[in-house]
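Engineer: My questions all concern the structure below.
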Amino acid sequence: MIRILLVIACLLGATCAFTTVAVSQRADLRVFETDKATESKEEAEDKLKASGVEKFLSKKFPTFSKLLLNDEMRKAINEGNTTIFAPTEAAFEDLGERKIKQIKDPRNNEIQQKMGLYHLVSGQSITPIELKTEDWTKGRPKDGSLPNTLIAGVVTMGGEVPVGRSKSGGFLGFGAKEDGGIVIGPNSKIIQSYQVQGSMVHEMDGLVSPDVLWRYCDQLRIPGF
């Protein structure tokens with residue numbers, strides 16, 4: 001009888017030990033799953049925060065986002081504190097079907113990338129006031145026109161983009177008078193500006209990349225770039 005009781009006690013002890021180990025293993029698993037779930041949530045929130053500017057651009061400037069926004073630009077945007085010159089849908093319509101096809105053409109990928117880079121300033125959020133502030137340090141020009149802007153240009157990821165007044169008159173680009181509104185690039189004006197998560201997005205009525213880039217479309221490379 002005593003032996004039987006001892007055997008039963010041993011079996012019960014073994015069962016309790018096994019149950020304790022099993023519960024302990026399940027508890028460890030739960031902790032791991034909880035930690036993993038928490039980490040994934042935090043990463044998702046960071047990703048959502050980082051892509052807030054991209055989502056804004058995708059919603060308000062879909063053609064710009066689709067045609068000119070490249071991986072290098074997205075990386076800079078996700079790092080924050082950028083200036084983006086985003087052409088409107090109407091701006092792309094004004095380009096015409098031929099130029100849109102050229103941007104989409106695989107042969108022009110290099111030009112497409114370059115055009116996009118000219119629309120983003122990395123590491124600097126430039127306000128519309130800064131871009132439009134006139135330089136009155138020398139008084140009004142002798143010809144009676146308004147003075148030019150304090151900022152003569154901005155350095156984008158693609159290169160320098162001029163900032164100044166639109167020009168009229170002259171011949172073949174020479175002798176033109178700066179008497180119009182403030183323009184960015186060849187001749188694009190700011191319609192409205194938005195501050196999105198520390199970055200400044202300027203809604204533009206045209207592209208700010210150099211017009212000369214169009215000359216190299218449908219070729220294999222861009223000479224000098």
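Identifiers in the structure tokens: chain A, B, ... in order shown; residue index from 1 per chain; ligand index from 1 in order shown.
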Skipping near chain neighbours, those fewer than 6 positions away, what residues fall within 12 Å of Phe61 of chain A using only C-alpha atoms, listed as a list in words?
Structural biologist: Val53, Glu54, Lys55, Leu67, Leu68, Leu69, Ile84, Phe85, Ala86, Pro87, Thr88, Glu89, Ala90, Ala91, Phe92, Val201, His202, Glu203, Met204 and Asp205 of chain A
Engineer: What would the file look like if the residues just selected were written as a JSON list (two decimals), in the first residue's frame with N, CA, C and O atoms?
Structural biologist:
[["chain", "number", "residue", "atom", "x", "y", "z"],
["A", 53, "VAL", "N", 4.34, 63.31, -45.48],
["A", 53, "VAL", "CA", 4.55, 64.25, -46.58],
["A", 53, "VAL", "C", 4.27, 63.56, -47.91],
["A", 53, "VAL", "O", 3.64, 64.14, -48.81],
["A", 54, "GLU", "N", 4.73, 62.32, -48.03],
["A", 54, "GLU", "CA", 4.48, 61.56, -49.26],
["A", 54, "GLU", "C", 2.99, 61.38, -49.51],
["A", 54, "GLU", "O", 2.51, 61.50, -50.63],
["A", 55, "LYS", "N", 2.26, 61.08, -48.45],
["A", 55, "LYS", "CA", 0.81, 60.89, -48.58],
["A", 55, "LYS", "C", 0.14, 62.19, -49.00],
["A", 55, "LYS", "O", -0.78, 62.20, -49.83],
["A", 67, "LEU", "N", 5.13, 60.76, -61.57],
["A", 67, "LEU", "CA", 6.10, 60.94, -62.65],
["A", 67, "LEU", "C", 7.49, 61.37, -62.19],
["A", 67, "LEU", "O", 8.50, 60.95, -62.76],
["A", 68, "LEU", "N", 7.57, 62.22, -61.16],
["A", 68, "LEU", "CA", 8.87, 62.82, -60.83],
["A", 68, "LEU", "C", 9.41, 62.46, -59.45],
["A", 68, "LEU", "O", 10.60, 62.66, -59.20],
["A", 69, "LEU", "N", 8.58, 61.94, -58.56],
["A", 69, "LEU", "CA", 9.06, 61.61, -57.22],
["A", 69, "LEU", "C", 9.79, 60.27, -57.26],
["A", 69, "LEU", "O", 9.18, 59.24, -57.51],
["A", 84, "ILE", "N", 9.82, 71.40, -51.07],
["A", 84, "ILE", "CA", 9.37, 70.69, -52.27],
["A", 84, "ILE", "C", 8.59, 71.66, -53.16],
["A", 84, "ILE", "O", 7.65, 72.33, -52.70],
["A", 85, "PHE", "N", 8.98, 71.72, -54.42],
["A", 85, "PHE", "CA", 8.26, 72.52, -55.40],
["A", 85, "PHE", "C", 7.41, 71.54, -56.22],
["A", 85, "PHE", "O", 7.92, 70.84, -57.09],
["A", 86, "ALA", "N", 6.11, 71.51, -55.92],
["A", 86, "ALA", "CA", 5.23, 70.51, -56.52],
["A", 86, "ALA", "C", 4.32, 71.13, -57.57],
["A", 86, "ALA", "O", 3.41, 71.90, -57.23],
["A", 87, "PRO", "N", 4.54, 70.80, -58.84],
["A", 87, "PRO", "CA", 3.67, 71.33, -59.90],
["A", 87, "PRO", "C", 2.25, 70.76, -59.80],
["A", 87, "PRO", "O", 2.07, 69.61, -59.41],
["A", 88, "THR", "N", 1.29, 71.58, -60.15],
["A", 88, "THR", "CA", -0.12, 71.16, -60.10],
["A", 88, "THR", "C", -0.45, 70.21, -61.25],
["A", 88, "THR", "O", 0.34, 70.02, -62.18],
["A", 89, "GLU", "N", -1.66, 69.66, -61.21],
["A", 89, "GLU", "CA", -2.13, 68.82, -62.30],
["A", 89, "GLU", "C", -2.22, 69.64, -63.58],
["A", 89, "GLU", "O", -1.88, 69.16, -64.67],
["A", 90, "ALA", "N", -2.66, 70.87, -63.46],
["A", 90, "ALA", "CA", -2.78, 71.75, -64.63],
["A", 90, "ALA", "C", -1.42, 72.01, -65.27],
["A", 90, "ALA", "O", -1.29, 72.12, -66.49],
["A", 91, "ALA", "N", -0.38, 72.09, -64.42],
["A", 91, "ALA", "CA", 0.98, 72.33, -64.92],
["A", 91, "ALA", "C", 1.43, 71.19, -65.83],
["A", 91, "ALA", "O", 2.06, 71.42, -66.87],
["A", 92, "PHE", "N", 1.09, 69.97, -65.46],
["A", 92, "PHE", "CA", 1.46, 68.82, -66.29],
["A", 92, "PHE", "C", 0.60, 68.75, -67.55],
["A", 92, "PHE", "O", 1.08, 68.35, -68.61],
["A", 201, "VAL", "N", 5.93, 72.61, -48.61],
["A", 201, "VAL", "CA", 5.51, 72.20, -49.95],
["A", 201, "VAL", "C", 4.93, 73.42, -50.66],
["A", 201, "VAL", "O", 3.94, 74.00, -50.19],
["A", 202, "HIS", "N", 5.55, 73.81, -51.77],
["A", 202, "HIS", "CA", 5.07, 74.96, -52.55],
["A", 202, "HIS", "C", 4.32, 74.45, -53.78],
["A", 202, "HIS", "O", 4.89, 73.71, -54.59],
["A", 203, "GLU", "N", 3.08, 74.84, -53.89],
["A", 203, "GLU", "CA", 2.27, 74.48, -55.06],
["A", 203, "GLU", "C", 2.67, 75.39, -56.22],
["A", 203, "GLU", "O", 2.54, 76.61, -56.13],
["A", 204, "MET", "N", 3.16, 74.80, -57.30],
["A", 204, "MET", "CA", 3.71, 75.57, -58.41],
["A", 204, "MET", "C", 2.82, 75.47, -59.65],
["A", 204, "MET", "O", 2.18, 74.44, -59.89],
["A", 205, "ASP", "N", 2.82, 76.52, -60.46],
["A", 205, "ASP", "CA", 2.03, 76.49, -61.69],
["A", 205, "ASP", "C", 2.83, 75.95, -62.88],
["A", 205, "ASP", "O", 2.38, 75.98, -64.02]]
Engineer: Per residue of segment 59-90 of chain A within 12 Å of segment 122-139 of chain A, note the shortest atom pair and the distance in Å to one decimal, counting only C-alpha atoms, and order the rows by chain and increasing residue number, as JSON lines.
Structural biologist:
{"residue": "A:Glu72", "atom": "CA", "partner": "A:Ser122", "partner_atom": "CA", "distance": 10.4}
{"residue": "A:Met73", "atom": "CA", "partner": "A:Ser122", "partner_atom": "CA", "distance": 8.4}
{"residue": "A:Arg74", "atom": "CA", "partner": "A:Ser122", "partner_atom": "CA", "distance": 10.5}
{"residue": "A:Lys75", "atom": "CA", "partner": "A:Ser122", "partner_atom": "CA", "distance": 9.8}
{"residue": "A:Ala76", "atom": "CA", "partner": "A:Ser122", "partner_atom": "CA", "distance": 6.0}
{"residue": "A:Ile77", "atom": "CA", "partner": "A:Ser122", "partner_atom": "CA", "distance": 7.6}
{"residue": "A:Asn78", "atom": "CA", "partner": "A:Ser122", "partner_atom": "CA", "distance": 10.4}
{"residue": "A:Glu79", "atom": "CA", "partner": "A:Gly123", "partner_atom": "CA", "distance": 8.2}
{"residue": "A:Gly80", "atom": "CA", "partner": "A:Gly123", "partner_atom": "CA", "distance": 7.1}
{"residue": "A:Asn81", "atom": "CA", "partner": "A:Gly123", "partner_atom": "CA", "distance": 5.1}
{"residue": "A:Thr82", "atom": "CA", "partner": "A:Ser122", "partner_atom": "CA", "distance": 4.9}
{"residue": "A:Thr83", "atom": "CA", "partner": "A:Ser125", "partner_atom": "CA", "distance": 4.9}
{"residue": "A:Ile84", "atom": "CA", "partner": "A:Ser125", "partner_atom": "CA", "distance": 8.5}
{"residue": "A:Phe85", "atom": "CA", "partner": "A:Ile126", "partner_atom": "CA", "distance": 10.5}
Engineer: Could those selected residues go to a file with N, CA and C atoms, as a PDB file, in the first residue's frame?
Structural biologist:
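Saved file selection_30.pdb follows:
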ATOM      1  N   GLU A  72      15.348  58.525 -54.341  1.00  0.00           N
ATOM      2  CA  GLU A  72      16.292  59.434 -53.692  1.00  0.00           C
ATOM      3  C   GLU A  72      15.555  60.598 -53.025  1.00  0.00           C
ATOM      4  N   MET A  73      14.515  61.070 -53.679  1.00  0.00           N
ATOM      5  CA  MET A  73      13.712  62.152 -53.115  1.00  0.00           C
ATOM      6  C   MET A  73      12.902  61.660 -51.919  1.00  0.00           C
ATOM      7  N   ARG A  74      12.360  60.463 -52.020  1.00  0.00           N
ATOM      8  CA  ARG A  74      11.583  59.897 -50.910  1.00  0.00           C
ATOM      9  C   ARG A  74      12.452  59.732 -49.666  1.00  0.00           C
ATOM     10  N   LYS A  75      13.677  59.317 -49.865  1.00  0.00           N
ATOM     11  CA  LYS A  75      14.593  59.156 -48.735  1.00  0.00           C
ATOM     12  C   LYS A  75      14.814  60.497 -48.039  1.00  0.00           C
ATOM     13  N   ALA A  76      15.032  61.542 -48.818  1.00  0.00           N
ATOM     14  CA  ALA A  76      15.237  62.878 -48.246  1.00  0.00           C
ATOM     15  C   ALA A  76      13.974  63.366 -47.536  1.00  0.00           C
ATOM     16  N   ILE A  77      12.820  63.098 -48.120  1.00  0.00           N
ATOM     17  CA  ILE A  77      11.551  63.512 -47.512  1.00  0.00           C
ATOM     18  C   ILE A  77      11.354  62.814 -46.178  1.00  0.00           C
ATOM     19  N   ASN A  78      11.651  61.531 -46.123  1.00  0.00           N
ATOM     20  CA  ASN A  78      11.476  60.771 -44.883  1.00  0.00           C
ATOM     21  C   ASN A  78      12.434  61.215 -43.787  1.00  0.00           C
ATOM     22  N   GLU A  79      13.554  61.806 -44.183  1.00  0.00           N
ATOM     23  CA  GLU A  79      14.496  62.332 -43.193  1.00  0.00           C
ATOM     24  C   GLU A  79      14.003  63.663 -42.630  1.00  0.00           C
ATOM     25  N   GLY A  80      13.054  64.291 -43.312  1.00  0.00           N
ATOM     26  CA  GLY A  80      12.426  65.512 -42.820  1.00  0.00           C
ATOM     27  C   GLY A  80      13.141  66.792 -43.205  1.00  0.00           C
ATOM     28  N   ASN A  81      12.478  67.925 -42.943  1.00  0.00           N
ATOM     29  CA  ASN A  81      13.047  69.260 -43.170  1.00  0.00           C
ATOM     30  C   ASN A  81      13.465  69.470 -44.623  1.00  0.00           C
ATOM     31  N   THR A  82      12.485  69.433 -45.513  1.00  0.00           N
ATOM     32  CA  THR A  82      12.773  69.623 -46.933  1.00  0.00           C
ATOM     33  C   THR A  82      11.899  70.739 -47.506  1.00  0.00           C
ATOM     34  N   THR A  83      12.275  71.192 -48.686  1.00  0.00           N
ATOM     35  CA  THR A  83      11.453  72.132 -49.450  1.00  0.00           C
ATOM     36  C   THR A  83      11.109  71.462 -50.769  1.00  0.00           C
ATOM     37  N   ILE A  84       9.821  71.396 -51.071  1.00  0.00           N
ATOM     38  CA  ILE A  84       9.369  70.693 -52.269  1.00  0.00           C
ATOM     39  C   ILE A  84       8.586  71.655 -53.156  1.00  0.00           C
ATOM     40  N   PHE A  85       8.982  71.719 -54.417  1.00  0.00           N
ATOM     41  CA  PHE A  85       8.262  72.519 -55.402  1.00  0.00           C
ATOM     42  C   PHE A  85       7.412  71.544 -56.221  1.00  0.00           C
TER      43      PHE A  85
END
Engineer: Between atom CA of Pro141 of chain A and atom CA of Arg165 of chain A, what is the spacing in Å?
Structural biologist: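 Atom CA of Pro141 of chain A lies at a distance of 13.3 Å from atom CA of Arg165 of chain A.
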Engineer: Report, in Å with one decimal, the straight-line distance from atom CA of Gly185 of chain A to atom CA of Val163 of chain A.
Structural biologist: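 Going from atom CA of Gly185 of chain A over to atom CA of Val163 of chain A, I get 6.4 Å.
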Engineer: Gly153 of chain A: which residues within 8 Å, counting only C-alpha atoms, same-chain residues fewer than 6 positions away excluded, as a list of chain:residue names?
Structural biologist: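 In the requested form, the answer reads A:Glu160, A:Val161, A:Pro162, A:Val163, A:Gly164.
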Engineer: Store the residues of this selection in a file with N, CA and C atoms, as a PDB file, in the first residue's frame.
Structural biologist:
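Dumped to out_12.pdb:
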ATOM      1  N   GLU A 160      21.313  74.032 -58.880  1.00  0.00           N
ATOM      2  CA  GLU A 160      20.791  75.350 -58.489  1.00  0.00           C
ATOM      3  C   GLU A 160      19.591  75.738 -59.344  1.00  0.00           C
ATOM      4  N   VAL A 161      18.573  76.249 -58.680  1.00  0.00           N
ATOM      5  CA  VAL A 161      17.371  76.749 -59.352  1.00  0.00           C
ATOM      6  C   VAL A 161      17.264  78.241 -59.056  1.00  0.00           C
ATOM      7  N   PRO A 162      17.189  79.076 -60.083  1.00  0.00           N
ATOM      8  CA  PRO A 162      17.135  80.527 -59.855  1.00  0.00           C
ATOM      9  C   PRO A 162      15.819  80.980 -59.257  1.00  0.00           C
ATOM     10  N   VAL A 163      15.909  82.051 -58.476  1.00  0.00           N
ATOM     11  CA  VAL A 163      14.727  82.700 -57.901  1.00  0.00           C
ATOM     12  C   VAL A 163      14.816  84.179 -58.264  1.00  0.00           C
ATOM     13  N   GLY A 164      13.767  84.741 -58.793  1.00  0.00           N
ATOM     14  CA  GLY A 164      13.806  86.154 -59.183  1.00  0.00           C
ATOM     15  C   GLY A 164      12.478  86.592 -59.759  1.00  0.00           C
TER      16      GLY A 164
END
Engineer: Quick check, in Å to one decimal: how far apart do atom CA of Ala152 of chain A and atom CA of Gln195 of chain A lie?
Structural biologist: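 Going from atom CA of Ala152 of chain A over to atom CA of Gln195 of chain A covers 22.3 Å.
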Engineer: Any chance you could list, as a VMD selection string, the residues in segment 64-194 of chain A that come up helix (DSSP H, G or I) when DSSP is run on the backbone?
Structural biologist: chain A and resid 64 to 67 71 to 79 89 to 95 97 to 104 106 to 117 128 to 132
Engineer: Can you tell me which residues surround segment 209-216 of chain A at a distance of at most 8 Å, considering only C-alpha atoms, apart from same-chain residues fewer than 4 positions away, and format the answer as a list in words?
Structural biologist: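 Selected residues are Ile111, Met115, Gly116, Tyr118, His119, Val161, Gly185, Pro186, Arg221 and Ile222 of chain A.
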Engineer: A:Val196, A:Ile184, A:Cys217, A:Ile190: which is nearest Arg107 of chain A, counting only C-alpha atoms?
Structural biologist: A:Cys217
